[in-house]
Structures are given as C-alpha cells and as structure tokens.
>>> print(open('entry.txt').read())   # compact mmCIF, C-alpha atoms
# COMPACT_ATOMS: atom_id res chain seq x y z
CA MET X 7 116.90 85.04 81.82
CA ASP X 8 113.76 83.33 83.09
CA ASP X 9 110.81 84.81 84.96
CA ARG X 10 111.96 83.70 88.39
CA ARG X 11 115.43 85.22 88.01
CA LEU X 12 113.94 88.44 86.67
CA GLU X 13 111.52 88.65 89.59
CA LEU X 14 114.27 88.01 92.11
CA ILE X 15 116.45 90.80 90.71
CA ILE X 16 113.44 93.14 90.76
CA GLY X 17 112.56 92.07 94.30
CA ASN X 18 116.06 92.79 95.60
CA LEU X 19 116.16 96.18 93.88
CA LEU X 20 112.80 97.08 95.41
CA ARG X 21 114.05 96.24 98.88
CA ALA X 22 117.15 98.38 98.33
CA GLY X 23 114.84 101.20 97.21
CA VAL X 24 112.70 100.88 100.33
CA LEU X 25 115.78 100.95 102.59
CA LEU X 26 117.13 104.04 100.81
CA ALA X 27 113.73 105.74 101.10
CA ALA X 28 113.51 104.85 104.80
CA ALA X 29 117.03 106.24 105.40
CA VAL X 30 116.10 109.57 103.78
CA VAL X 31 112.82 109.75 105.74
CA LEU X 32 114.75 108.96 108.93
CA ALA X 33 117.28 111.73 108.23
CA GLY X 34 114.43 114.19 107.62
CA ALA X 35 112.69 112.96 110.78
CA GLY X 36 115.80 113.59 112.87
CA LEU X 37 116.05 117.12 111.55
CA TYR X 38 112.30 117.73 111.97
CA LEU X 39 112.20 116.55 115.57
CA ALA X 40 115.36 118.49 116.44
CA GLN X 41 113.80 121.71 115.15
CA HIS X 42 110.10 121.24 115.88
CA HIS X 43 109.69 118.76 118.73
CA ARG X 44 107.99 121.35 120.97
CA ASP X 45 105.56 122.56 118.26
CA ARG X 46 101.88 122.11 119.00
CA VAL X 47 100.39 119.95 116.25
CA ASN X 48 96.82 119.08 115.40
CA TYR X 49 95.56 117.49 112.24
CA HIS X 50 91.81 117.70 113.00
CA SER X 51 90.94 119.44 109.77
CA PHE X 52 92.60 118.99 106.44
CA VAL X 53 94.55 121.87 104.91
CA ALA X 54 96.57 121.13 101.77
CA GLY X 55 100.24 121.95 102.43
CA PRO X 56 102.47 124.27 100.37
CA ASP X 57 103.37 123.50 96.73
CA SER X 58 106.93 122.74 97.86
CA LEU X 59 105.58 119.51 99.43
CA ARG X 60 103.02 118.66 96.76
CA THR X 61 105.00 118.69 93.52
CA VAL X 62 108.03 116.66 92.50
CA PRO X 63 110.23 119.69 91.62
CA GLY X 64 109.12 121.48 94.80
CA ILE X 65 109.99 118.49 96.98
CA VAL X 66 113.42 118.05 95.39
CA GLN X 67 114.14 121.75 95.83
CA SER X 68 113.09 121.96 99.47
CA ALA X 69 115.01 118.75 100.26
CA ALA X 70 118.10 120.27 98.62
CA HIS X 71 117.74 123.22 101.00
CA LEU X 72 117.71 120.70 103.85
CA ASP X 73 114.19 121.65 104.84
CA SER X 74 113.17 118.87 107.27
CA GLU X 75 109.69 118.36 105.83
CA GLY X 76 111.06 118.47 102.29
CA LEU X 77 113.63 115.82 103.19
CA MET X 78 111.00 113.51 104.68
CA GLN X 79 108.79 114.05 101.64
CA LEU X 80 111.72 113.24 99.31
CA GLY X 81 112.10 109.91 101.11
CA LEU X 82 108.38 109.24 100.64
CA LEU X 83 108.70 110.19 96.98
CA LEU X 84 111.55 107.68 96.58
CA LEU X 85 109.29 105.09 98.14
CA ILE X 86 106.48 105.90 95.69
CA ALA X 87 109.05 105.51 92.90
CA THR X 88 109.90 101.89 93.86
CA PRO X 89 106.81 100.29 92.26
CA VAL X 90 107.31 102.52 89.20
CA ALA X 91 110.88 101.20 88.94
CA ARG X 92 109.49 97.71 89.26
CA VAL X 93 107.23 98.18 86.24
CA ILE X 94 110.06 99.75 84.19
CA LEU X 95 112.29 96.77 85.00
CA ALA X 96 109.48 94.42 84.00
CA VAL X 97 109.21 96.15 80.61
CA VAL X 98 112.97 95.65 80.11
CA GLY X 99 112.81 92.05 81.32
CA PHE X 100 109.92 91.10 79.04
CA ALA X 101 111.68 92.81 76.13
CA MET X 102 114.76 90.66 76.82
CA GLU X 103 112.54 87.58 76.83
CA GLU X 104 111.06 88.85 73.55
CA ASP X 105 107.59 88.61 75.05
CA ARG X 106 105.86 91.32 73.04
CA LEU X 107 102.43 90.85 74.59
CA TYR X 108 103.78 91.49 78.09
CA VAL X 109 105.98 94.38 76.99
CA VAL X 110 102.73 96.05 75.88
CA VAL X 111 100.90 95.02 79.08
CA SER X 112 103.62 96.49 81.32
CA LEU X 113 103.84 99.63 79.19
CA ILE X 114 100.11 100.25 79.71
CA VAL X 115 100.60 99.96 83.48
CA LEU X 116 103.60 102.30 83.27
CA VAL X 117 101.60 104.92 81.35
CA VAL X 118 98.85 104.87 84.00
CA LEU X 119 101.44 105.31 86.78
CA LEU X 120 103.22 108.16 85.02
CA ALA X 121 99.94 109.89 84.16
CA SER X 122 99.06 109.89 87.87
CA LEU X 123 102.48 111.16 88.91
CA ALA X 124 102.35 113.82 86.20
CA ARG X 125 99.63 115.51 88.28
CA ALA X 126 102.28 116.25 90.88
CA THR X 127 104.68 118.11 88.63
CA MET G 25 99.77 117.60 121.51
CA THR G 26 103.43 118.34 120.83
CA ALA G 27 105.14 117.16 117.67
CA ASP G 28 107.44 114.72 119.48
CA SER G 29 104.68 112.95 121.40
CA PHE G 30 102.46 112.80 118.29
CA THR G 31 105.33 111.26 116.31
CA LEU G 32 106.08 108.71 119.05
CA ILE G 33 102.45 107.64 119.55
CA VAL G 34 101.81 107.30 115.82
CA TRP G 35 105.06 105.34 115.41
CA ILE G 36 104.11 102.86 118.16
CA VAL G 37 100.55 102.38 116.83
CA SER G 38 101.89 101.93 113.28
CA ALA G 39 104.56 99.44 114.37
CA LEU G 40 101.88 97.39 116.12
CA ALA G 41 99.62 97.61 113.06
CA GLY G 42 102.48 96.56 110.75
CA PHE G 43 103.38 93.66 113.04
CA LEU G 44 99.82 92.32 113.27
CA GLY G 45 99.21 93.06 109.60
CA ALA G 46 102.20 90.94 108.57
CA LEU G 47 101.23 88.08 110.89
CA THR G 48 97.64 87.93 109.72
CA GLY G 49 98.17 88.90 106.09
CA LEU G 50 95.71 91.77 106.37
CA GLY G 51 98.26 94.56 106.01
CA GLY G 52 98.79 97.57 108.26
CA GLY G 53 96.45 100.05 106.60
CA VAL G 54 93.31 98.54 108.03
CA VAL G 55 94.43 99.46 111.56
CA VAL G 56 96.42 102.64 110.89
CA VAL G 57 93.54 104.61 109.37
CA PRO G 58 90.98 103.95 112.15
CA ALA G 59 93.64 104.45 114.84
CA LEU G 60 94.68 107.82 113.44
CA THR G 61 91.15 109.08 112.85
CA LEU G 62 89.29 107.65 115.86
CA ALA G 63 91.97 107.76 118.57
CA LEU G 64 94.06 110.75 117.53
CA GLY G 65 91.44 112.82 115.71
CA VAL G 66 93.51 113.06 112.54
CA ASP G 67 91.53 114.10 109.46
CA MET G 68 90.70 111.13 107.25
CA LYS G 69 92.59 112.64 104.30
CA TYR G 70 95.92 112.77 106.18
CA ALA G 71 95.25 109.26 107.48
CA ILE G 72 94.61 107.67 104.08
CA GLY G 73 97.63 109.52 102.63
CA ALA G 74 99.94 108.15 105.32
CA SER G 75 98.42 104.69 105.04
CA LEU G 76 98.89 104.59 101.27
CA VAL G 77 102.60 105.31 101.70
CA SER G 78 102.98 102.53 104.28
CA VAL G 79 101.20 100.11 101.95
CA ILE G 80 103.84 100.75 99.28
CA ALA G 81 106.61 100.26 101.84
CA THR G 82 105.43 96.82 102.96
CA SER G 83 104.64 95.62 99.44
CA SER G 84 107.98 96.68 97.94
CA GLY G 85 109.93 95.61 101.02
CA ALA G 86 108.52 92.08 101.04
CA ALA G 87 108.66 91.48 97.27
CA ALA G 88 112.00 89.65 97.28
CA ALA G 89 110.92 87.30 100.06
CA TYR G 90 107.75 86.36 98.20
CA VAL G 91 109.59 85.72 94.94
CA ARG G 92 112.02 83.42 96.72
CA GLU G 93 109.11 81.28 97.93
CA GLY G 94 108.29 80.66 94.29
CA PHE G 95 104.56 81.34 94.34
CA SER G 96 104.06 84.78 92.82
CA ASN G 97 103.27 85.05 89.11
CA ILE G 98 104.60 88.20 87.43
CA ARG G 99 102.44 87.82 84.28
CA ILE G 100 99.17 87.41 86.17
CA GLY G 101 100.18 90.31 88.42
CA MET G 102 101.18 92.63 85.60
CA PHE G 103 98.11 91.90 83.47
CA LEU G 104 95.71 92.50 86.36
CA GLU G 105 97.59 95.66 87.35
CA ILE G 106 96.11 97.29 84.25
CA ALA G 107 92.76 97.01 86.03
CA THR G 108 93.98 97.87 89.54
CA THR G 109 95.96 100.97 88.51
CA ILE G 110 93.13 102.44 86.43
CA GLY G 111 90.74 101.65 89.29
CA ALA G 112 93.14 103.29 91.76
CA VAL G 113 93.27 106.54 89.78
CA VAL G 114 89.45 106.61 89.63
CA GLY G 115 89.24 105.88 93.38
CA ALA G 116 91.77 108.59 94.23
CA PHE G 117 89.74 111.14 92.25
CA LEU G 118 86.56 110.03 94.02
CA ALA G 119 88.26 110.47 97.41
CA GLY G 120 88.44 114.20 96.74
CA HIS G 121 84.76 114.45 95.87
CA VAL G 122 83.06 112.64 98.75
CA THR G 123 82.83 113.82 102.35
CA THR G 124 84.95 112.20 105.05
CA HIS G 125 81.73 110.83 106.60
CA VAL G 126 81.10 108.79 103.47
CA LEU G 127 84.76 107.69 103.38
CA ALA G 128 84.51 106.50 106.99
CA ILE G 129 81.35 104.49 106.32
CA VAL G 130 82.79 102.83 103.19
CA PHE G 131 85.96 102.12 105.14
CA GLY G 132 83.97 100.42 107.89
CA VAL G 133 82.13 98.19 105.42
CA VAL G 134 85.42 97.17 103.76
CA LEU G 135 86.88 96.39 107.21
CA ILE G 136 83.96 94.10 108.05
CA GLN G 137 84.50 92.22 104.81
CA ALA G 138 88.26 91.91 105.46
CA ALA G 139 87.66 90.65 109.01
CA TYR G 140 85.16 88.08 107.78
CA GLN G 141 87.47 86.89 105.02
CA SER G 142 90.47 86.55 107.33
CA VAL G 143 88.59 84.23 109.66
CA PHE G 144 86.76 82.16 107.08
CA LYS G 145 89.45 81.91 104.42
CA GLY G 146 90.34 78.44 103.32
CA ALA G 147 86.87 77.23 104.20
CA LEU G 148 86.03 77.18 100.52
CA GLU G 149 88.22 74.53 98.91
CA HIS G 150 87.81 74.21 95.20
CA VAL G 151 89.27 71.84 92.65
CA LEU G 152 92.08 73.60 90.85
CA PRO G 153 91.93 73.50 87.09
CA THR G 154 95.32 72.71 85.55
CA GLU G 155 94.25 74.14 82.18
CA SER G 156 93.38 77.77 81.42
CA ASP G 157 90.25 78.67 79.48
CA VAL G 158 90.56 80.36 76.07
CA LEU G 159 91.33 83.88 77.28
CA GLY G 160 93.58 82.64 80.08
CA ARG G 161 95.56 80.65 77.51
CA LYS G 162 95.84 83.57 75.08
CA LEU G 163 97.19 85.79 77.87
CA ARG G 164 99.41 82.98 79.17
CA LEU G 165 98.05 83.33 82.70
CA ASN G 166 99.32 79.95 83.83
CA GLY G 167 102.26 78.72 85.83
CA THR G 168 103.59 76.22 88.32
CA PHE G 169 104.05 76.31 92.08
CA PRO G 170 105.92 74.05 94.48
CA GLU G 171 103.75 71.53 96.35
CA ASP G 172 104.96 68.43 98.22
CA GLY G 173 108.40 68.71 96.66
CA ARG G 174 107.29 68.92 93.04
CA GLN G 175 106.05 71.62 90.67
CA ARG G 176 102.30 71.65 90.19
CA GLU G 177 100.69 73.27 87.16
CA TYR G 178 97.77 75.65 87.29
CA GLY G 179 95.75 77.75 84.83
CA SER G 180 93.39 80.74 84.99
CA ARG G 181 89.66 80.93 84.28
CA ASN G 182 87.06 83.71 84.13
CA VAL G 183 89.57 86.42 83.23
CA PRO G 184 86.94 89.17 82.57
CA ALA G 185 85.35 88.61 86.00
CA GLY G 186 88.76 88.71 87.70
CA PHE G 187 89.71 91.83 85.75
CA GLY G 188 86.46 93.56 86.78
CA LEU G 189 86.96 92.67 90.46
CA MET G 190 90.54 93.96 90.23
CA PHE G 191 89.23 97.30 88.96
CA GLY G 192 87.04 97.39 92.09
CA ALA G 193 90.00 96.48 94.31
CA GLY G 194 92.02 99.30 92.77
CA ALA G 195 89.18 101.79 93.23
CA LEU G 196 88.87 100.88 96.93
CA SER G 197 92.64 101.19 97.33
CA GLY G 198 92.62 104.66 95.79
CA LEU G 199 89.54 105.75 97.73
CA LEU G 200 90.68 104.56 101.16
CA GLY G 201 94.48 104.44 101.01
CA ILE G 202 94.62 100.72 101.75
CA GLY G 203 96.17 97.80 99.87
CA SER G 204 92.80 96.04 99.46
CA GLY G 205 94.66 92.74 99.31
CA ALA G 206 91.54 90.90 100.49
CA VAL G 207 89.57 91.87 97.36
CA LYS G 208 92.56 91.10 95.13
CA VAL G 209 92.76 87.60 96.60
CA ILE G 210 89.01 87.09 95.97
CA ALA G 211 89.49 88.10 92.33
CA MET G 212 92.28 85.59 91.75
CA ASP G 213 91.39 82.76 94.11
CA ARG G 214 87.60 82.70 93.86
CA ALA G 215 86.91 84.17 90.40
CA MET G 216 89.93 83.04 88.38
CA LYS G 217 90.50 79.77 90.26
CA ILE G 218 94.18 80.55 90.79
CA PRO G 219 95.72 78.58 93.73
CA PHE G 220 95.38 80.39 97.07
CA LYS G 221 99.13 80.66 97.77
CA VAL G 222 99.76 82.06 94.29
CA SER G 223 96.87 84.51 94.76
CA THR G 224 98.06 85.89 98.10
CA THR G 225 101.71 86.33 97.10
CA THR G 226 100.86 87.81 93.69
CA SER G 227 98.40 90.13 95.46
CA ASN G 228 101.17 91.39 97.74
CA PHE G 229 103.32 92.10 94.72
CA MET G 230 100.48 94.02 93.05
CA ILE G 231 99.57 96.13 96.07
CA GLY G 232 102.56 98.47 95.73
CA VAL G 233 102.00 99.20 92.05
CA THR G 234 98.28 99.77 92.68
CA ALA G 235 99.02 102.18 95.52
CA ALA G 236 101.62 104.04 93.45
CA ALA G 237 98.89 104.79 90.89
CA SER G 238 96.91 106.80 93.45
CA ALA G 239 100.02 108.26 95.10
CA GLY G 240 100.48 110.93 92.41
CA VAL G 241 96.92 112.16 92.93
CA TYR G 242 97.27 112.01 96.74
CA LEU G 243 100.58 113.88 96.61
CA SER G 244 99.27 116.69 94.41
CA ARG G 245 96.21 117.11 96.65
CA GLY G 246 98.35 117.30 99.79
CA TYR G 247 96.99 114.12 101.44
CA ILE G 248 100.57 112.96 102.02
CA ASP G 249 101.76 115.21 104.86
CA PRO G 250 105.31 114.17 105.83
CA ARG G 251 104.73 115.00 109.51
CA VAL G 252 101.98 112.35 109.66
CA ALA G 253 103.26 109.92 107.03
CA MET G 254 106.82 109.75 108.46
CA PRO G 255 106.02 107.93 111.73
CA VAL G 256 103.41 105.78 109.95
CA MET G 257 105.85 104.63 107.25
CA LEU G 258 108.75 103.99 109.63
CA GLY G 259 106.50 102.28 112.17
CA VAL G 260 104.66 99.99 109.75
CA LEU G 261 107.94 99.05 108.08
CA ALA G 262 109.60 98.13 111.39
CA GLY G 263 106.52 96.21 112.55
CA ALA G 264 106.11 94.32 109.26
CA PHE G 265 109.80 93.37 109.28
CA LEU G 266 109.50 91.99 112.80
CA GLY G 267 106.24 90.25 111.89
CA SER G 268 107.79 88.49 108.91
CA LYS G 269 110.61 87.22 111.17
CA VAL G 270 108.30 85.63 113.75
CA LEU G 271 105.72 84.49 111.19
CA VAL G 272 107.47 81.16 110.76
CA HIS G 273 107.22 80.30 114.45
CA ALA G 274 103.90 81.84 115.42
CA LYS G 275 100.60 80.05 115.69
CA VAL G 276 98.49 82.46 113.70
CA SER G 277 94.97 80.98 113.75
CA THR G 278 94.08 82.29 117.24
CA LEU G 279 95.81 85.57 116.53
CA ARG G 280 93.85 85.96 113.31
CA ILE G 281 90.55 85.63 115.16
CA VAL G 282 91.65 88.17 117.81
CA PHE G 283 92.75 90.56 115.08
CA ALA G 284 89.48 90.06 113.20
CA VAL G 285 87.52 90.98 116.34
CA VAL G 286 89.63 94.13 116.76
CA ILE G 287 89.03 95.07 113.13
CA LEU G 288 85.31 94.40 113.48
CA ALA G 289 85.17 96.73 116.49
CA LEU G 290 87.07 99.41 114.57
CA ALA G 291 84.73 98.92 111.61
CA ILE G 292 81.62 99.50 113.71
CA GLU G 293 83.23 102.55 115.34
CA MET G 294 84.14 103.93 111.90
CA ILE G 295 80.60 103.47 110.59
CA VAL G 296 79.01 104.99 113.71
CA SER G 297 81.43 107.94 113.61
CA GLY G 298 80.71 108.42 109.91
CA VAL G 299 76.95 108.36 110.41
CA MET G 300 77.12 110.71 113.41
CA GLY G 301 79.45 113.01 111.50
CA ARG G 302 82.22 112.76 114.10
CA VAL G 303 85.08 112.10 111.66
>>> encode(input="entry.txt", output="structure tokens")
Amino acid sequence: MDDRRLELIIGNLLRAGVLLAAAVVLAGAGLYLAQHHRDRVNYHSFVAGPDSLRTVPGIVQSAAHLDSEGLMQLGLLLLIATPVARVILAVVGFAMEEDRLYVVVSLIVLVVLLASLARAT
Amino acid sequence: MTADSFTLIVWIVSALAGFLGALTGLGGGVVVVPALTLALGVDMKYAIGASLVSVIATSSGAAAAYVREGFSNIRIGMFLEIATTIGAVVGAFLAGHVTTHVLAIVFGVVLIQAAYQSVFKGALEHVLPTESDVLGRKLRLNGTFPEDGRQREYGSRNVPAGFGLMFGAGALSGLLGIGSGAVKVIAMDRAMKIPFKVSTTTSNFMIGVTAAASAGVYLSRGYIDPRVAMPVMLGVLAGAFLGSKVLVHAKVSTLRIVFAVVILALAIEMIVSGVMGRV
C-alpha cells in the first residue's frame, strides 16, 4: 500500500460519505418543507436552538423520531464526521506502512477533532 | 419571509457561490456569508455556521478528484493540520466572545486579501528547491508531482513559519466559518516553498479537517441551524459539482477578476456594515 493508493481509497470513501450526508439532509429537507413551508422565518437575531439539535445524542434521537430538523441535522453531523473518518483512515494507513512518526501526527489531529466534538455530547 | 421562499433563495445564492467558488478556487464561503448577512439579514452566527458546513462538503466531496491528479501530499497536509485544527478550535472559541460587528470587519479584511491574492497569484514565481531543509527532511515533507510527463521532486523549507501561518489560517477558519484556503496556500507556497499546484490541492484536502475541528464548538453553541445550513449545504454542493465539470473548458482568468471585484465590493460592504453596527 503506497501513499497514492491510500489517499485514493480515502478520497472515494469521503465522497461516499458526502453523498450519504446529502441524501439524509435532502430527506429531512423534504419533510421540513412539507410541514413548515408556510411558516414565517426570520434569522435576524441569534437564538441558540434546543439541545436536541446541539448535541450528538439529541440529534440522533430527534432524527430517529423523524423530526424534520433533527433529520437535517443528522445529515449535517454525518458530513462533519467525514473529515474525522479521513483522519482515522490515515492513522490506519500510516500504521500499515509502519510509519510511526505519521501515526503519531495523525493521532494528534484526531485527538483535537474529538476534543472539539466532545463539546457537543 | 416564508420558509419555502427563504430556502429557495438561499439555495440559489449558495449554488451560485459554490459554482463561482469552484471555478476560481476561492471556495463558496466567501460569498455565502456576506450574501446571507447583507442581503437576507441573517445573523452572522447562523451564516458562519452554515458556511462552515458547506466548506466541509466541498472539501470532502472533491478529495478523490484532487488525489487522482497526483498533486496533493498527505504527509504535508496531515502535519500542518496539527496547526490548523488547534487554530480552528481557538478561533471557534473567539467567535463566541467577540461581537458580530467585529466579526464582520475581520471578515471584510480577509475578503480583501483573498480577492487580491486571487488576481495576483502566480505573479511571484520562485525557484523551487528540490531538497528540504533539516526540519523538512526530518518530517519527510517532500514528494514528487507530475510535470511535462515526468515526476519532479520537491522539498519543504521554513517549516516553523509555515506551521505558524497554518495556525493563523485555522484560527480565521474557526472565527469566520470559511475554509481560509488562501492563507493555507500562502503558508505552503510562499513560506515553505512547496510547488503551487501541490499547495492548492493539499490545501483543499486540509480545509475539511480544519473546519471539522471548529464544527463541534459551532454545533454545541447552536451556530449550525439546520433550517439555514440545509439550503446552503445542498446549494454549494450542487454548484461546486457543476463548477468542477466546466472547469476544464472555462477560461477562468477574466472570471477570476470579475469574481474578485464582486468579493471586494462585498468586503467593503461588510466592513461598513460592521463599523455602522448594521450586522
């Protein structure tokens, strides 16, 4: 396994992840517009939404209940997960190449990503 | 405004932004944020949240295409991502502690820089070193890229300077919800003397990981509202896909200048609105 092959596999997986995320967002969008298309909306001043849209368990739960906003947010969460998956795959790939330095480098990046996502749990 | 017309307008604007962003290499975020805030009166926090999501979509979606071209360098990207992700977390925290007026002004300044760079890029040709310096060698930040039918070797210099600039790029990305690809390219191309093509494609690869580092903070703060982010993500994705298809045939130099003028106008409007307290 060389770098190029590893990158190509990762690249194709990322694209599949983006398409899956887009499909989930689209499904949520269909539901949202069917239920709320006549709602008056205005986003002039920022109000943080409910916990069910701001934490990973909350999003999964509201999506499971087929809440339209929860479903869209689940798709966006899947999208956010694609770069995280990319770094995990890089750790595995570098380990297979027995490149210890870059296993450590990618692990540091992974820790930073997970620490940020841990805020939303 | 009703939800369906808001969704449609934001989708169209985002598709256009994604299309132009792909053609010019500037990304969609630089247009989406000003369009949402200035034209539709959307609060800056919703706008940067939606933009950040679209940045991840274009970066992850285009990764395979860039790898196939054979320019991106996964080691350089991964090493510098240490700096961009930490910077992004810091920037995302800062975004919650400054007023939207300040955000708008900083955004405007970054836009002016991006517009300038997109027009004058390539004007600065430098001799590419084939050897890395000591630190570049230790970190194995070298590689080859295809040129005129053969593989050409390159190395990396000034790693600490590049690393520092990447921290700044990450901080801007986290603060403003953009990819800040322009600053990433400066760090690699200008500071580390990495070939331009390698710099731009590696930058695109890095943008998604950088943005994901601020996404957790954005999500927990509620900046990512699905009702705003949905049309932005779907629009930018559709536009960027279309843009990458016509990229091969289009004459982009004129377009790049037109786009730079548009961005410059948006930048001035952002700064004025920020100073007047209108956003």
>>> closest_atom_pairs(input="entry.txt", of="chain G", to="chain X", cutoff="6 Å", atoms="all atoms listed in the file", output="JSON lines")
{"residue": "G:Met25", "atom": "CA", "partner": "X:Arg46", "partner_atom": "CA", "distance": 5.6}
{"residue": "G:Thr26", "atom": "CA", "partner": "X:Arg46", "partner_atom": "CA", "distance": 4.5}
{"residue": "G:Ala27", "atom": "CA", "partner": "X:His43", "partner_atom": "CA", "distance": 4.9}
{"residue": "G:Asp28", "atom": "CA", "partner": "X:His43", "partner_atom": "CA", "distance": 4.7}
{"residue": "G:Gly65", "atom": "CA", "partner": "X:His50", "partner_atom": "CA", "distance": 5.6}
{"residue": "G:Val66", "atom": "CA", "partner": "X:Tyr49", "partner_atom": "CA", "distance": 4.9}
{"residue": "G:Asp67", "atom": "CA", "partner": "X:His50", "partner_atom": "CA", "distance": 5.1}
{"residue": "G:Ser84", "atom": "CA", "partner": "X:Leu20", "partner_atom": "CA", "distance": 5.5}
{"residue": "G:Gly85", "atom": "CA", "partner": "X:Arg21", "partner_atom": "CA", "distance": 4.7}
{"residue": "G:Ala87", "atom": "CA", "partner": "X:Gly17", "partner_atom": "CA", "distance": 4.9}
{"residue": "G:Ala88", "atom": "CA", "partner": "X:Gly17", "partner_atom": "CA", "distance": 3.9}
{"residue": "G:Val91", "atom": "CA", "partner": "X:Leu14", "partner_atom": "CA", "distance": 5.9}
{"residue": "G:Ile106", "atom": "CA", "partner": "X:Val115", "partner_atom": "CA", "distance": 5.3}
{"residue": "G:Gly232", "atom": "CA", "partner": "X:Pro89", "partner_atom": "CA", "distance": 5.8}
{"residue": "G:Val233", "atom": "CA", "partner": "X:Pro89", "partner_atom": "CA", "distance": 4.9}
{"residue": "G:Ala236", "atom": "CA", "partner": "X:Ile86", "partner_atom": "CA", "distance": 5.7}
{"residue": "G:Ala237", "atom": "CA", "partner": "X:Leu119", "partner_atom": "CA", "distance": 4.9}
{"residue": "G:Gly240", "atom": "CA", "partner": "X:Leu123", "partner_atom": "CA", "distance": 4.0}
{"residue": "G:Val241", "atom": "CA", "partner": "X:Ser122", "partner_atom": "CA", "distance": 5.9}
{"residue": "G:Leu243", "atom": "CA", "partner": "X:Arg60", "partner_atom": "CA", "distance": 5.4}
{"residue": "G:Ser244", "atom": "CA", "partner": "X:Ala126", "partner_atom": "CA", "distance": 4.7}
{"residue": "G:Gly246", "atom": "CA", "partner": "X:Ala54", "partner_atom": "CA", "distance": 4.7}
{"residue": "G:Pro250", "atom": "CA", "partner": "X:Gln79", "partner_atom": "CA", "distance": 5.4}
>>> closest_residue(input="entry.txt", among="G:Phe43, G:Phe220, G:Phe95, G:Trp35", to="Phe265 (chain G)", atoms="only C-alpha atoms")
G:Phe43
>>> atom_distance(input="entry.txt", atom1="CA of Met190 (chain G)", atom2="CA of Pro219 (chain G)")
16.6 Å
>>> atom_distance(input="entry.txt", atom1="CA of Ala289 (chain G)", atom2="CA of Lys208 (chain G)")
23.3 Å
>>> closest_residue(input="entry.txt", among="G:Asn166, G:Asn228, G:Thr108, G:Ser297", to="Ala128 (chain G)", atoms="only C-alpha atoms")
G:Ser297
>>> atom_distance(input="entry.txt", atom1="CA of Ser58 (chain X)", atom2="CA of Asp73 (chain X)")
10.1 Å
>>> residues_around(input="entry.txt", residues="Pro170 (chain G)", least_positions_apart="4", cutoff="8 Å", atoms="all atoms listed in the file", output="list in words")
Gly94, Phe95, Arg174, Gln175 and Arg176 of chain G
>>> residues_around(input="entry.txt", residues="region 76-79 of chain G", least_positions_apart="6", cutoff="9 Å", atoms="all atoms listed in the file", output="JSON, numbers by chain")
{"X": [82, 85, 86], "G": [42, 51, 52, 53, 197, 198, 200, 201, 202, 203, 231, 232, 235, 236, 238, 239, 242, 248, 253, 256, 257, 258, 259, 260, 261]}
